$ cat structure.txt   # compact mmCIF, C-alpha atoms
# COMPACT_ATOMS: atom_id res chain seq x y z
CA MET A 1 6.48 -0.71 27.05
CA ALA A 2 8.59 1.34 24.61
CA LEU A 3 11.78 -0.61 25.33
CA ASP A 4 9.91 -3.91 25.39
CA ALA A 5 8.45 -3.07 21.99
CA LEU A 6 11.85 -2.19 20.56
CA LEU A 7 13.26 -5.51 21.74
CA GLN A 8 10.54 -7.64 20.12
CA PRO A 9 12.00 -9.94 17.42
CA VAL A 10 9.71 -8.41 14.79
CA VAL A 11 11.08 -4.91 15.44
CA LEU A 12 14.66 -6.14 15.76
CA PHE A 13 14.40 -7.90 12.38
CA PHE A 14 13.08 -4.67 10.88
CA LEU A 15 16.08 -2.80 12.32
CA LEU A 16 18.41 -5.54 11.02
CA GLY A 17 17.00 -5.08 7.51
CA ALA A 18 17.39 -1.32 7.75
CA LEU A 19 20.97 -1.62 9.00
CA ALA A 20 21.83 -4.05 6.20
CA ALA A 21 20.45 -1.62 3.62
CA PHE A 22 22.29 1.36 5.14
CA ALA A 23 25.50 -0.71 5.08
CA ARG A 24 24.78 -1.42 1.40
CA SER A 25 24.67 -5.16 2.01
CA ASP A 26 23.42 -7.35 -0.83
CA LEU A 27 20.89 -8.96 1.53
CA ALA A 28 17.56 -9.36 -0.27
CA ILE A 29 14.29 -11.22 0.15
CA PRO A 30 12.95 -12.27 -3.27
CA GLU A 31 10.04 -10.01 -4.24
CA ALA A 32 7.76 -12.96 -4.90
CA VAL A 33 8.45 -14.34 -1.40
CA ALA A 34 7.70 -10.96 0.20
CA LYS A 35 4.49 -10.72 -1.80
CA ALA A 36 3.46 -14.24 -0.76
CA ILE A 37 4.16 -13.48 2.91
CA SER A 38 2.11 -10.28 2.71
CA LEU A 39 -0.84 -12.36 1.42
CA TYR A 40 -0.24 -14.92 4.17
CA LEU A 41 -0.26 -12.19 6.84
CA MET A 42 -3.55 -10.79 5.58
CA MET A 43 -5.15 -14.26 5.53
CA SER A 44 -3.88 -15.03 9.01
CA ILE A 45 -5.02 -11.69 10.46
CA GLY A 46 -8.44 -12.06 8.85
CA LEU A 47 -8.94 -15.65 10.03
CA ARG A 48 -7.89 -14.89 13.60
CA GLY A 49 -10.11 -11.80 13.77
CA GLY A 50 -13.10 -13.64 12.33
CA GLY A 51 -12.54 -16.56 14.70
CA GLU A 52 -12.55 -14.25 17.70
CA VAL A 53 -15.70 -12.44 16.57
CA ALA A 54 -17.39 -15.83 16.06
CA GLU A 55 -16.72 -16.46 19.74
CA THR A 56 -17.74 -13.06 21.14
CA GLY A 57 -20.56 -12.36 18.68
CA PHE A 58 -21.47 -8.98 17.20
CA THR A 59 -21.26 -6.38 19.93
CA HIS A 60 -22.14 -2.73 20.42
CA ASP A 61 -18.40 -1.95 20.62
CA MET A 62 -17.87 -3.58 17.24
CA LEU A 63 -20.41 -1.29 15.57
CA LEU A 64 -18.98 1.78 17.30
CA ALA A 65 -15.42 0.90 16.33
CA GLY A 66 -16.47 0.18 12.73
CA GLY A 67 -18.30 3.50 12.47
CA ALA A 68 -15.36 5.36 13.99
CA GLY A 69 -12.93 3.66 11.61
CA LEU A 70 -15.08 4.50 8.61
CA ALA A 71 -15.39 8.15 9.65
CA LEU A 72 -11.68 8.43 10.42
CA SER A 73 -10.69 7.02 7.06
CA PHE A 74 -13.01 9.43 5.23
CA LEU A 75 -12.01 12.48 7.26
CA LEU A 76 -8.33 12.08 8.19
CA PRO A 77 -7.16 13.10 4.70
CA LEU A 78 -8.76 16.56 5.17
CA PRO A 79 -6.43 18.02 7.84
CA ALA A 80 -3.55 16.10 6.27
CA PHE A 81 -4.29 17.73 2.91
CA TRP A 82 -4.40 21.20 4.49
CA LEU A 83 -1.08 20.63 6.29
CA LEU A 84 0.57 19.22 3.17
CA ARG A 85 -0.60 22.21 1.12
CA THR A 86 0.36 24.89 3.67
CA ALA A 87 3.29 23.56 5.70
CA GLY A 88 4.45 21.03 3.14
CA LYS A 89 4.18 23.40 0.16
CA LEU A 90 2.90 20.56 -2.05
CA ASP A 91 0.74 21.14 -5.10
CA ARG A 92 -2.91 20.00 -4.99
CA THR A 93 -2.36 16.68 -6.76
CA ASN A 94 0.58 15.56 -4.65
CA ALA A 95 -1.05 16.76 -1.42
CA ALA A 96 -4.25 14.84 -2.26
CA ALA A 97 -2.34 11.67 -3.13
CA VAL A 98 -0.28 11.81 0.09
CA ALA A 99 -3.37 12.67 2.19
CA ALA A 100 -5.14 9.55 0.89
CA HIS A 101 -2.23 7.42 2.12
CA TYR A 102 -2.53 8.90 5.63
CA GLY A 103 -6.29 8.27 5.80
CA SER A 104 -5.86 4.65 4.79
CA VAL A 105 -4.09 2.01 6.88
CA SER A 106 -1.03 -0.22 6.97
CA VAL A 107 -1.84 -3.90 7.52
CA VAL A 108 1.68 -4.72 8.68
CA THR A 109 1.76 -1.86 11.22
CA PHE A 110 -1.54 -3.21 12.57
CA ALA A 111 -0.21 -6.79 12.67
CA THR A 112 2.98 -5.75 14.44
CA GLY A 113 1.09 -3.44 16.78
CA SER A 114 -1.37 -6.20 17.68
CA GLU A 115 1.51 -8.52 18.53
CA ILE A 116 3.21 -5.89 20.69
CA LEU A 117 -0.05 -5.03 22.46
CA ARG A 118 -0.74 -8.74 23.02
CA MET A 119 2.72 -9.14 24.61
CA ALA A 120 1.90 -6.20 26.90
CA GLY A 121 -1.37 -7.83 27.96
CA MET A 122 -3.49 -5.42 25.89
CA ALA A 123 -4.66 -7.67 23.06
CA PRO A 124 -7.12 -5.75 20.85
CA ALA A 125 -10.57 -7.23 20.21
CA GLY A 126 -10.90 -9.52 17.19
CA PHE A 127 -13.34 -7.15 15.48
CA MET A 128 -10.52 -4.63 15.00
CA VAL A 129 -9.57 -6.70 11.92
CA GLY A 130 -12.95 -5.74 10.45
CA VAL A 131 -12.20 -2.11 11.28
CA LEU A 132 -8.85 -2.50 9.50
CA ALA A 133 -10.61 -3.72 6.34
CA VAL A 134 -13.21 -0.94 6.55
CA MET A 135 -10.49 1.72 6.77
CA GLU A 136 -8.59 0.60 3.66
CA THR A 137 -10.52 2.42 0.94
CA PRO A 138 -12.65 5.43 2.05
CA ALA A 139 -9.55 7.64 2.18
CA ILE A 140 -8.91 6.92 -1.50
CA ILE A 141 -12.27 8.48 -2.37
CA THR A 142 -11.54 11.54 -0.21
CA GLY A 143 -8.10 11.84 -1.81
CA LEU A 144 -9.56 11.75 -5.32
CA LEU A 145 -12.19 14.34 -4.38
CA LEU A 146 -9.47 16.57 -2.93
CA ALA A 147 -7.49 16.28 -6.14
CA ARG A 148 -10.72 17.31 -7.93
CA THR A 149 -9.70 15.35 -11.00
CA THR A 150 -8.48 11.99 -12.11
CA GLY A 151 -6.35 13.86 -14.61
CA ALA A 152 -7.55 15.23 -17.92
CA ASN A 153 -5.33 12.77 -19.74
CA SER A 154 -5.63 9.99 -17.18
CA LEU A 155 -5.46 6.44 -18.46
CA ALA A 156 -7.86 5.35 -15.75
CA PRO A 157 -11.37 4.46 -16.89
CA ARG A 158 -13.91 5.38 -14.16
CA GLY A 159 -15.19 1.84 -13.83
CA GLY A 160 -11.65 0.52 -13.57
CA LEU A 161 -10.85 3.00 -10.83
CA LEU A 162 -13.88 2.03 -8.75
CA HIS A 163 -13.02 -1.62 -9.29
CA GLU A 164 -9.44 -1.03 -8.16
CA THR A 165 -10.61 0.99 -5.15
CA PHE A 166 -13.24 -1.34 -3.74
CA LEU A 167 -12.07 -4.72 -4.97
CA ASN A 168 -8.33 -4.43 -4.52
CA GLY A 169 -6.63 -7.63 -3.43
CA SER A 170 -5.93 -6.69 0.17
CA VAL A 171 -9.55 -5.71 0.91
CA ILE A 172 -10.88 -8.91 -0.68
CA LEU A 173 -8.39 -11.10 1.16
CA LEU A 174 -8.88 -9.42 4.55
CA LEU A 175 -12.67 -9.38 4.41
CA GLY A 176 -12.84 -12.85 2.85
CA SER A 177 -10.55 -14.38 5.48
CA PHE A 178 -12.47 -12.55 8.22
CA LEU A 179 -15.73 -14.07 6.93
CA ILE A 180 -14.18 -17.55 6.71
CA GLY A 181 -12.97 -17.17 10.31
CA LEU A 182 -16.45 -16.00 11.30
CA ILE A 183 -18.11 -18.98 9.62
CA ASP A 184 -15.71 -21.61 10.94
CA GLY A 185 -15.14 -20.17 14.41
CA LYS A 186 -12.13 -20.92 16.61
CA GLU A 187 -12.89 -24.64 16.71
CA GLY A 188 -13.14 -24.89 12.95
CA LEU A 189 -9.91 -22.98 12.50
CA LYS A 190 -7.92 -25.40 14.66
CA ALA A 191 -7.33 -27.56 11.59
CA VAL A 192 -5.46 -24.74 9.81
CA ALA A 193 -3.82 -23.27 12.92
CA PRO A 194 -0.46 -25.00 12.20
CA VAL A 195 -0.27 -22.89 9.02
CA PHE A 196 -2.09 -19.67 9.86
CA ASP A 197 -1.53 -19.26 13.60
CA VAL A 198 1.64 -20.93 14.88
CA PRO A 199 4.12 -19.59 12.28
CA PHE A 200 2.56 -16.09 12.24
CA ARG A 201 5.27 -14.32 14.28
CA GLY A 202 8.08 -15.99 12.38
CA MET A 203 6.56 -15.00 9.05
CA LEU A 204 6.10 -11.45 10.35
CA CYS A 205 9.83 -11.40 11.23
CA ILE A 206 10.81 -12.39 7.67
CA PHE A 207 8.43 -9.80 6.24
CA LEU A 208 9.71 -7.05 8.51
CA LEU A 209 13.30 -7.89 7.62
CA ASP A 210 12.31 -7.19 4.02
CA MET A 211 10.41 -4.04 5.04
CA GLY A 212 13.53 -2.79 6.82
CA LEU A 213 15.51 -3.27 3.62
CA ILE A 214 12.84 -1.57 1.48
CA ALA A 215 12.25 1.36 3.85
CA ALA A 216 15.96 2.10 4.30
CA ARG A 217 16.72 1.82 0.57
CA ARG A 218 13.83 4.15 -0.20
CA LEU A 219 15.10 6.60 2.42
CA MET A 220 18.59 6.50 0.89
CA ASP A 221 17.06 7.25 -2.50
CA ARG A 222 15.06 10.13 -1.04
CA ARG A 223 15.07 12.37 -4.09
CA ALA A 224 11.41 13.34 -3.58
CA LEU A 225 11.58 13.98 0.17
CA THR A 226 12.29 17.36 1.74
CA LEU A 227 12.76 18.34 5.38
CA ARG A 228 9.18 19.64 5.39
CA THR A 229 7.68 16.41 4.09
CA VAL A 230 9.79 14.31 6.48
CA VAL A 231 8.58 16.39 9.45
CA LEU A 232 4.99 16.01 8.24
CA ALA A 233 5.49 12.25 7.83
CA LEU A 234 6.34 12.19 11.55
CA LEU A 235 3.66 14.67 12.64
CA LEU A 236 0.70 13.15 10.76
CA PRO A 237 0.87 9.71 12.43
CA LEU A 238 1.19 11.37 15.85
CA MET A 239 -1.84 13.58 15.20
CA ASN A 240 -3.97 10.91 13.58
CA GLY A 241 -2.94 8.20 16.05
CA THR A 242 -3.69 10.41 19.06
CA LEU A 243 -7.11 11.21 17.60
CA GLY A 244 -7.77 7.50 17.01
CA VAL A 245 -6.89 6.60 20.61
CA VAL A 246 -8.96 9.47 22.05
CA ILE A 247 -11.99 8.45 19.98
CA GLY A 248 -11.49 4.80 20.93
CA VAL A 249 -11.35 5.55 24.67
CA GLU A 250 -14.28 7.99 24.43
CA LEU A 251 -16.37 5.31 22.71
CA GLY A 252 -15.69 3.02 25.63
CA LEU A 253 -13.45 0.52 23.82
CA ASP A 254 -11.02 -1.47 25.95
CA ALA A 255 -7.47 -0.09 26.12
CA GLY A 256 -6.08 -2.59 23.60
CA SER A 257 -8.78 -1.87 21.02
CA ALA A 258 -8.47 1.90 21.54
CA ALA A 259 -4.70 1.58 21.02
CA ALA A 260 -5.36 -0.50 17.89
CA LEU A 261 -7.68 2.23 16.58
CA GLY A 262 -4.84 4.68 17.23
CA ILE A 263 -2.43 2.41 15.35
CA LEU A 264 -4.82 2.20 12.41
CA ALA A 265 -5.43 5.96 12.34
CA GLY A 266 -1.71 6.70 12.75
CA SER A 267 -0.56 4.30 10.05
CA ALA A 268 -0.23 5.10 6.37
CA SER A 269 -0.94 2.77 3.49
CA TYR A 270 1.84 1.53 1.22
CA ILE A 271 0.11 -1.44 -0.43
CA ALA A 272 -3.47 -0.63 -1.45
CA VAL A 273 -3.38 3.13 -2.01
CA PRO A 274 -0.18 3.61 -4.06
CA ALA A 275 -1.40 1.40 -6.91
CA VAL A 276 -4.72 3.27 -7.13
CA MET A 277 -3.02 6.67 -6.96
CA ARG A 278 -0.54 5.70 -9.66
CA LEU A 279 -3.48 4.97 -11.93
CA ALA A 280 -5.83 7.79 -10.88
CA LEU A 281 -3.35 10.61 -10.24
CA PRO A 282 -0.41 9.85 -12.51
CA ALA A 283 0.99 13.36 -12.05
CA ALA A 284 1.50 12.71 -8.34
CA ASP A 285 5.02 11.61 -7.48
CA PRO A 286 5.17 7.98 -6.23
CA GLY A 287 8.61 8.72 -4.78
CA LEU A 288 6.93 11.27 -2.50
CA TYR A 289 3.95 9.29 -1.24
CA LEU A 290 5.82 6.01 -0.94
CA GLY A 291 8.82 7.79 0.57
CA MET A 292 6.72 9.46 3.26
CA SER A 293 4.52 6.47 4.14
CA LEU A 294 7.06 3.67 3.78
CA ALA A 295 10.44 5.23 4.55
CA VAL A 296 9.43 7.61 7.37
CA THR A 297 6.00 6.89 8.88
CA PHE A 298 6.21 3.09 8.87
CA PRO A 299 9.58 2.92 10.74
CA PHE A 300 8.42 5.63 13.13
CA ASN A 301 5.24 3.75 14.00
CA LEU A 302 7.08 0.47 14.36
CA THR A 303 9.76 1.77 16.71
CA LEU A 304 7.96 4.50 18.67
CA GLY A 305 4.40 5.11 17.49
CA ILE A 306 2.88 1.77 18.53
CA SER A 307 4.27 2.13 22.08
CA TYR A 308 3.01 5.71 22.25
CA TYR A 309 -0.53 4.78 21.16
CA GLY A 310 -0.56 1.89 23.66
CA TRP A 311 0.69 4.13 26.48
CA LEU A 312 -1.84 6.83 25.63
CA ALA A 313 -4.73 4.35 25.58
CA ALA A 314 -3.71 2.56 28.76
CA HIS A 315 -2.60 5.44 30.98
CA VAL A 316 -2.82 9.00 29.75
CA TRP A 317 -6.23 9.57 28.20
CA PRO A 318 -8.17 7.62 30.86
CA LEU A 319 -6.27 9.71 33.47
CA ILE A 320 -7.17 13.00 31.71
CA ARG A 321 -10.81 11.93 31.62
CA GLY A 322 -10.57 11.17 35.34
CA MET B 1 16.29 -18.42 -48.50
CA THR B 2 13.56 -17.66 -45.93
CA ASN B 3 11.40 -14.65 -46.71
CA THR B 4 11.14 -11.91 -44.12
CA ILE B 5 8.69 -9.03 -43.92
CA HIS B 6 9.14 -5.53 -42.56
CA ARG B 7 7.21 -4.71 -39.35
CA ARG B 8 7.37 -2.16 -36.51
CA ARG B 9 8.54 -3.14 -33.02
CA ILE B 10 6.83 -1.20 -30.23
CA GLU B 11 8.15 -1.15 -26.66
CA VAL B 12 6.51 0.67 -23.75
CA LEU B 13 8.06 0.83 -20.28
CA ALA B 14 5.36 1.71 -17.74
CA ASP B 15 4.45 1.32 -14.08
CA GLU B 16 2.50 -1.90 -13.57
CA PRO B 17 -0.85 -0.32 -12.58
CA LEU B 18 -0.95 1.47 -15.95
CA ILE B 19 -0.43 -1.64 -18.07
CA PRO B 20 -4.11 -2.71 -18.43
CA ALA B 21 -4.99 0.77 -19.72
CA ILE B 22 -2.07 0.73 -22.17
CA VAL B 23 -3.13 -2.70 -23.40
CA ARG B 24 -6.61 -1.25 -23.96
CA ILE B 25 -5.19 1.64 -25.99
CA ALA B 26 -3.10 -0.82 -28.02
CA ALA B 27 -6.20 -2.87 -28.76
CA GLU B 28 -8.05 0.27 -29.88
CA ALA B 29 -5.15 0.93 -32.27
CA GLY B 30 -5.44 -2.59 -33.67
CA ILE B 31 -2.61 -4.18 -31.69
CA THR B 32 -4.03 -7.27 -30.06
CA HIS B 33 -0.89 -9.42 -29.85
CA TYR B 34 1.73 -8.41 -27.31
CA THR B 35 4.07 -9.69 -24.60
CA LEU B 36 4.55 -8.30 -21.10
CA LEU B 37 8.04 -8.53 -19.64
CA PRO B 38 8.94 -8.04 -15.95
CA THR B 39 11.89 -5.83 -15.03
CA LEU B 40 14.36 -5.93 -12.14
CA GLY B 41 15.18 -2.25 -11.76
CA GLY B 42 16.96 0.68 -13.30
CA ALA B 43 17.51 4.42 -13.14
CA GLY B 44 15.93 7.27 -15.04
CA ALA B 45 15.00 10.94 -14.86
CA HIS B 46 13.06 10.32 -11.61
CA GLY B 47 15.85 8.41 -9.90
CA ARG B 48 16.43 4.74 -9.26
CA TRP B 49 13.61 2.22 -9.28
CA ARG B 50 13.41 -1.48 -8.57
CA ASP B 51 10.92 -4.29 -8.77
CA ASP B 52 8.16 -3.61 -6.24
CA GLN B 53 5.60 -6.37 -6.01
CA LEU B 54 4.46 -5.22 -2.58
CA SER B 55 2.58 -2.10 -3.61
CA GLY B 56 2.98 -2.72 -7.32
CA ALA B 57 2.84 1.04 -7.77
CA THR B 58 6.36 1.52 -9.06
CA ALA B 59 7.12 -1.93 -10.44
CA LYS B 60 7.83 -1.46 -14.12
CA VAL B 61 6.67 -3.71 -16.91
CA MET B 62 7.76 -3.67 -20.56
CA LEU B 63 5.05 -4.14 -23.17
CA LEU B 64 6.45 -5.52 -26.41
CA ALA B 65 4.49 -5.77 -29.65
CA ILE B 66 5.38 -6.37 -33.29
CA THR B 67 2.82 -4.87 -35.63
CA SER B 68 2.15 -3.21 -38.94
CA ALA B 69 3.27 0.36 -39.62
CA ASP B 70 -0.35 1.60 -39.62
CA HIS B 71 -1.21 0.06 -36.26
CA ALA B 72 2.07 1.29 -34.78
CA ALA B 73 1.42 4.84 -35.97
CA ALA B 74 -2.11 4.80 -34.54
CA PHE B 75 -0.83 3.54 -31.19
CA ILE B 76 1.94 6.13 -31.01
CA ASP B 77 -0.53 8.93 -31.79
CA ARG B 78 -2.81 7.81 -28.97
CA LEU B 79 -0.07 7.31 -26.38
CA ALA B 80 2.17 10.29 -27.15
CA PRO B 81 0.08 12.86 -25.18
CA LEU B 82 0.36 10.68 -22.05
CA LEU B 83 4.11 10.06 -22.07
CA GLU B 84 5.11 13.04 -19.92
CA SER B 85 2.22 12.96 -17.41
CA HIS B 86 2.36 9.19 -16.88
CA HIS B 87 6.17 8.81 -16.91
CA LEU B 88 6.12 6.39 -19.84
CA LEU B 89 8.89 5.41 -22.19
CA LEU B 90 7.85 4.61 -25.76
CA MET B 91 10.20 3.18 -28.35
CA SER B 92 9.57 2.05 -31.89
CA SER B 93 11.96 0.47 -34.33
CA ASP B 94 12.03 -1.46 -37.60
CA VAL B 95 12.28 -5.22 -37.54
CA GLU B 96 12.22 -8.05 -40.05
CA VAL B 97 10.00 -10.99 -39.14
CA VAL B 98 9.38 -14.43 -40.50
CA ARG B 99 5.70 -15.30 -41.03
CA GLY B 100 4.60 -11.68 -41.34
CA ALA B 101 0.90 -12.56 -41.22
CA LYS B 102 1.35 -13.33 -37.51
CA PHE B 103 2.24 -9.68 -36.82
CA ASP B 104 -0.56 -7.65 -38.33
$ encode --input "structure.txt" --output "C-alpha cells"
Amino acid sequence: MALDALLQPVVLFFLLGALAAFARSDLAIPEAVAKAISLYLMMSIGLRGGGEVAETGFTHDMLLAGGAGLALSFLLPLPAFWLLRTAGKLDRTNAAAVAAHYGSVSVVTFATGSEILRMAGMAPAGFMVGVLAVMETPAIITGLLLARTTGANSLAPRGGLLHETFLNGSVILLLGSFLIGLIDGKEGLKAVAPVFDVPFRGMLCIFLLDMGLIAARRLMDRRALTLRTVVLALLLPLMNGTLGVVIGVELGLDAGSAAALGILAGSASYIAVPAVMRLALPAADPGLYLGMSLAVTFPFNLTLGISYYGWLAAHVWPLIRG
Amino acid sequence: MTNTIHRRRIEVLADEPLIPAIVRIAAEAGITHYTLLPTLGGAGAHGRWRDDQLSGATAKVMLLAITSADHAAAFIDRLAPLLESHHLLLMSSDVEVVRGAKFD
C-alpha cells in the first residue's frame, strides 16, 4: 500500500511541487486560485460525506466516531504540549500554539488519505466528514487554556476570538456542505456531481502541486525550525495517528474509518488554527507552528503516514487484538 | 493655484488576522477613513514572508490612512505598546492633501 500510495497522482503532484521549489523554479499557482480550490475541496468533501450519510442514516458508529473525534481534538494537545515543553524546549506560548495545531486536523490530508484508502478498497464511512468538522476547533480551546492567556496586550477581543474559533470559514463550509448533502441525498446531488464529484481528484492534484511548492519553500526558509522541533513534527503525527487508529478499531469502526480517524488524529492544521493563533497568541512564532505542521508533518503524512495508518488499521491492530 | 493642507499619513503593515483589531483601534482614535492594500511578499527581522491566502495567518496587509495630527498621535499612542509583541510596522509621515476636510 505504501508504494501504491506514493505513486498516486495526487502524491506525485505534491512531490513535483516540492522538487520545483527545491530547484528554485519560478513555478507558482496564483494564491487566489489555491484559495478557491481549497474552498472547492471542502464543499466537495462535505457534500459527498453528507450524501453518504443520507443513504446509510445515523448509526451507532457515527456517534462513537464523533465522540472519539471530539475527545481526541480536546485531549491530543496535552501530551503534545508536554513533549514540546520538555523535549522541544519551547516556551509556554509557543508550545501551546503548536500543540493546538496538532490537536486540530488537516482537511487536505484527510481528502488525500480518503482517496488513497478508497483506491486500496478501504473507503472510510461518509460520516467521517462530520468527524473532520467536529475535530477542527476543540484543540484551539485547549491550546488557549494551555497558554493560560490571550496575551496581556493582545489585540483580540474575547467575542472576536470565539467568533473566529467556532465560525471560521472552513468549519462553516464543511458543516454546511455536509448538511446540504444530507438534505439532498445522493440522488439530489447527481445534478451537481459534474462539478463537485467528477473533477475532485484533478482539483486535488492542482492543490497538492501548490502545497508541494508551499511546504518546500517554507522548509527552505526554516529559520524557526530546529532539529528538536523537526523530530517532534515527525513523532507527534505517528503518536497521535496510532492512537486514533487504535481507538477507531477498539470502537468497532471498519478498517477504512479507523484509518481515517488515525489520519485525522495524526494530521496537523495549517488553515483554521494558524489564523486564530496569530490573533490570540501573537507572541507565538508563526514560522514555528506553520513550519512544523505544513513543512514537516503534512509531507510526512502524505508520503508515509497515510499508508502507515491504513496498514495499522487493516492488519496490525486487529492482529494484536486477536 | 490649488490650496493644499497639511495632514499625517499613517501606514501599518500587519498580518491579516490582526487587521480588524487595528481598524477598531484606529476608529477609537478617530480614524474612520482608511484603505487596505494587499502585499506580495518581502523580508524582515523574522525572515522572508509571502502572500498566504491559504491560512491567512502570515499574509500581510498594509493599512493606509490620511488624518489630522491629533488623530494620528492618538492612534500611535494606542498602537505603540503592541508593535513588538504583534510584529507590526508603523510609519507616519507628513503629507499635503487637496480637499483637507476629507481627511479629518
$ interface_residues --input "structure.txt" --of "chain A" --to "chain B" --cutoff "9 Å" --atoms "all atoms listed in the file" --output "PDB file with C-alpha atoms, keeping the file's coordinate frame"
ATOM      1  CA  GLU A  31      10.040 -10.010  -4.240  1.00  0.00           C
ATOM      2  CA  ALA A  32       7.760 -12.960  -4.900  1.00  0.00           C
ATOM      3  CA  ALA A  34       7.700 -10.960   0.200  1.00  0.00           C
ATOM      4  CA  LYS A  35       4.490 -10.720  -1.800  1.00  0.00           C
ATOM      5  CA  SER A  38       2.110 -10.280   2.710  1.00  0.00           C
ATOM      6  CA  ASN A 153      -5.330  12.770 -19.740  1.00  0.00           C
ATOM      7  CA  SER A 154      -5.630   9.990 -17.180  1.00  0.00           C
ATOM      8  CA  LEU A 155      -5.460   6.440 -18.460  1.00  0.00           C
ATOM      9  CA  ALA A 156      -7.860   5.350 -15.750  1.00  0.00           C
ATOM     10  CA  PRO A 157     -11.370   4.460 -16.890  1.00  0.00           C
ATOM     11  CA  ASP A 221      17.060   7.250  -2.500  1.00  0.00           C
ATOM     12  CA  ARG A 223      15.070  12.370  -4.090  1.00  0.00           C
ATOM     13  CA  ALA A 224      11.410  13.340  -3.580  1.00  0.00           C
ATOM     14  CA  TYR A 270       1.840   1.530   1.220  1.00  0.00           C
ATOM     15  CA  ILE A 271       0.110  -1.440  -0.430  1.00  0.00           C
ATOM     16  CA  ALA A 272      -3.470  -0.630  -1.450  1.00  0.00           C
ATOM     17  CA  VAL A 273      -3.380   3.130  -2.010  1.00  0.00           C
ATOM     18  CA  PRO A 274      -0.180   3.610  -4.060  1.00  0.00           C
ATOM     19  CA  ALA A 275      -1.400   1.400  -6.910  1.00  0.00           C
ATOM     20  CA  VAL A 276      -4.720   3.270  -7.130  1.00  0.00           C
ATOM     21  CA  MET A 277      -3.020   6.670  -6.960  1.00  0.00           C
ATOM     22  CA  ARG A 278      -0.540   5.700  -9.660  1.00  0.00           C
ATOM     23  CA  LEU A 279      -3.480   4.970 -11.930  1.00  0.00           C
ATOM     24  CA  LEU A 281      -3.350  10.610 -10.240  1.00  0.00           C
ATOM     25  CA  PRO A 282      -0.410   9.850 -12.510  1.00  0.00           C
ATOM     26  CA  ALA A 283       0.990  13.360 -12.050  1.00  0.00           C
ATOM     27  CA  PRO A 286       5.170   7.980  -6.230  1.00  0.00           C
ATOM     28  CA  GLY A 287       8.610   8.720  -4.780  1.00  0.00           C
ATOM     29  CA  LEU A 290       5.820   6.010  -0.940  1.00  0.00           C
TER      30      LEU A 290
END
$ closest_residue --input "structure.txt" --among "A:Ala216, A:Ala133, A:Leu261, A:Tyr309" --to "Ala295 (chain A)" --atoms "all atoms listed in the file"
A:Ala216
$ residues_around --input "structure.txt" --residues "Asp104 (chain B)" --least-positions-apart "2" --cutoff "9 Å" --atoms "all atoms listed in the file" --output "PyMOL selection string"
chain B and resi 7+30-33+66-69+71+100-102
$ residues_around --input "structure.txt" --residues "region 8-10 of chain B" --least-positions-apart "2" --cutoff "8 Å" --atoms "all atoms listed in the file" --output "short mmCIF file (atom, residue, chain, number, x, y, z; two decimals) with C-alpha atoms, in the frame of the given file"
data_model
loop_
_atom_site.label_atom_id
_atom_site.label_comp_id
_atom_site.auth_asym_id
_atom_site.auth_seq_id
_atom_site.Cartn_x
_atom_site.Cartn_y
_atom_site.Cartn_z
CA HIS B 6 9.14 -5.53 -42.56
CA VAL B 12 6.51 0.67 -23.75
CA LEU B 63 5.05 -4.14 -23.17
CA LEU B 64 6.45 -5.52 -26.41
CA ALA B 65 4.49 -5.77 -29.65
CA ILE B 66 5.38 -6.37 -33.29
CA THR B 67 2.82 -4.87 -35.63
CA SER B 68 2.15 -3.21 -38.94
CA ALA B 69 3.27 0.36 -39.62
CA ALA B 72 2.07 1.29 -34.78
CA LEU B 90 7.85 4.61 -25.76
CA MET B 91 10.20 3.18 -28.35
CA SER B 92 9.57 2.05 -31.89
CA SER B 93 11.96 0.47 -34.33
CA ASP B 94 12.03 -1.46 -37.60
CA VAL B 95 12.28 -5.22 -37.54
#
$ atom_distance --input "structure.txt" --atom1 "CA of Ala258 (chain A)" --atom2 "CA of Met128 (chain A)"
9.5 Å
$ atom_distance --input "structure.txt" --atom1 "CA of His101 (chain A)" --atom2 "CA of Met119 (chain A)"
28.4 Å
$ closest_residue --input "structure.txt" --among "A:Phe127, A:Phe22, A:Phe207, A:Phe81" --to "Thr142 (chain A)" --atoms "all atoms listed in the file"
A:Phe81
$ residues_around --input "structure.txt" --residues "Asp210 (chain A)" --least-positions-apart "3" --cutoff "7 Å" --atoms "all atoms listed in the file" --output "ChimeraX atom specification"
/A:17,29,206-207,213-214
$ atom_distance --input "structure.txt" --atom1 "CA of Gly57 (chain A)" --atom2 "CA of Ser104 (chain A)"
26.4 Å
$ residues_near_point --input "structure.txt" --point "(-2.3, -0.8, 15.4)" --cutoff "6 Å" --atoms "only C-alpha atoms" --output "ChimeraX atom specification"
/A:109-110,113-114,260,263-264
$ closest_residue --input "structure.txt" --among "A:Val105, A:Ala18, A:Leu7, A:Ala68" --to "Met220 (chain A)" --atoms "all atoms listed in the file"
A:Ala18
$ residues_around --input "structure.txt" --residues "Ala14 (chain B)" --least-positions-apart "6" --cutoff "6 Å" --atoms "only C-alpha atoms" --output "list in words"
Lys60, Val61 and Leu88 of chain B
$ closest_residue --input "structure.txt" --among "B:Met62, B:Val97, B:Ala73, B:Leu13" --to "Thr35 (chain B)" --atoms "only C-alpha atoms"
B:Met62
$ closest_residue --input "structure.txt" --among "A:Asp26, A:Glu55, A:Asp4, A:Asp61" --to "Val249 (chain A)" --atoms "all atoms listed in the file"
A:Asp61
$ closest_residue --input "structure.txt" --among "A:Leu227, A:Leu234, A:Val316, A:Ile306" --to "Gly262 (chain A)" --atoms "all atoms listed in the file"
A:Ile306
$ residues_around --input "structure.txt" --residues "Thr137 (chain A)" --least-positions-apart "5" --cutoff "12 Å" --atoms "all atoms listed in the file" --output "ChimeraX atom specification"
/A:69-75,77,100-106,131-132,142-144,161-172,268-269,271-274,276-277
$ residues_near_point --input "structure.txt" --point "(-15.8, -2.6, 24.9)" --cutoff "9 Å" --atoms "only C-alpha atoms" --output "list in words"
Thr59, His60, Asp61, Met62, Ala125, Leu251, Gly252, Leu253, Asp254, Ala255 and Ser257 of chain A
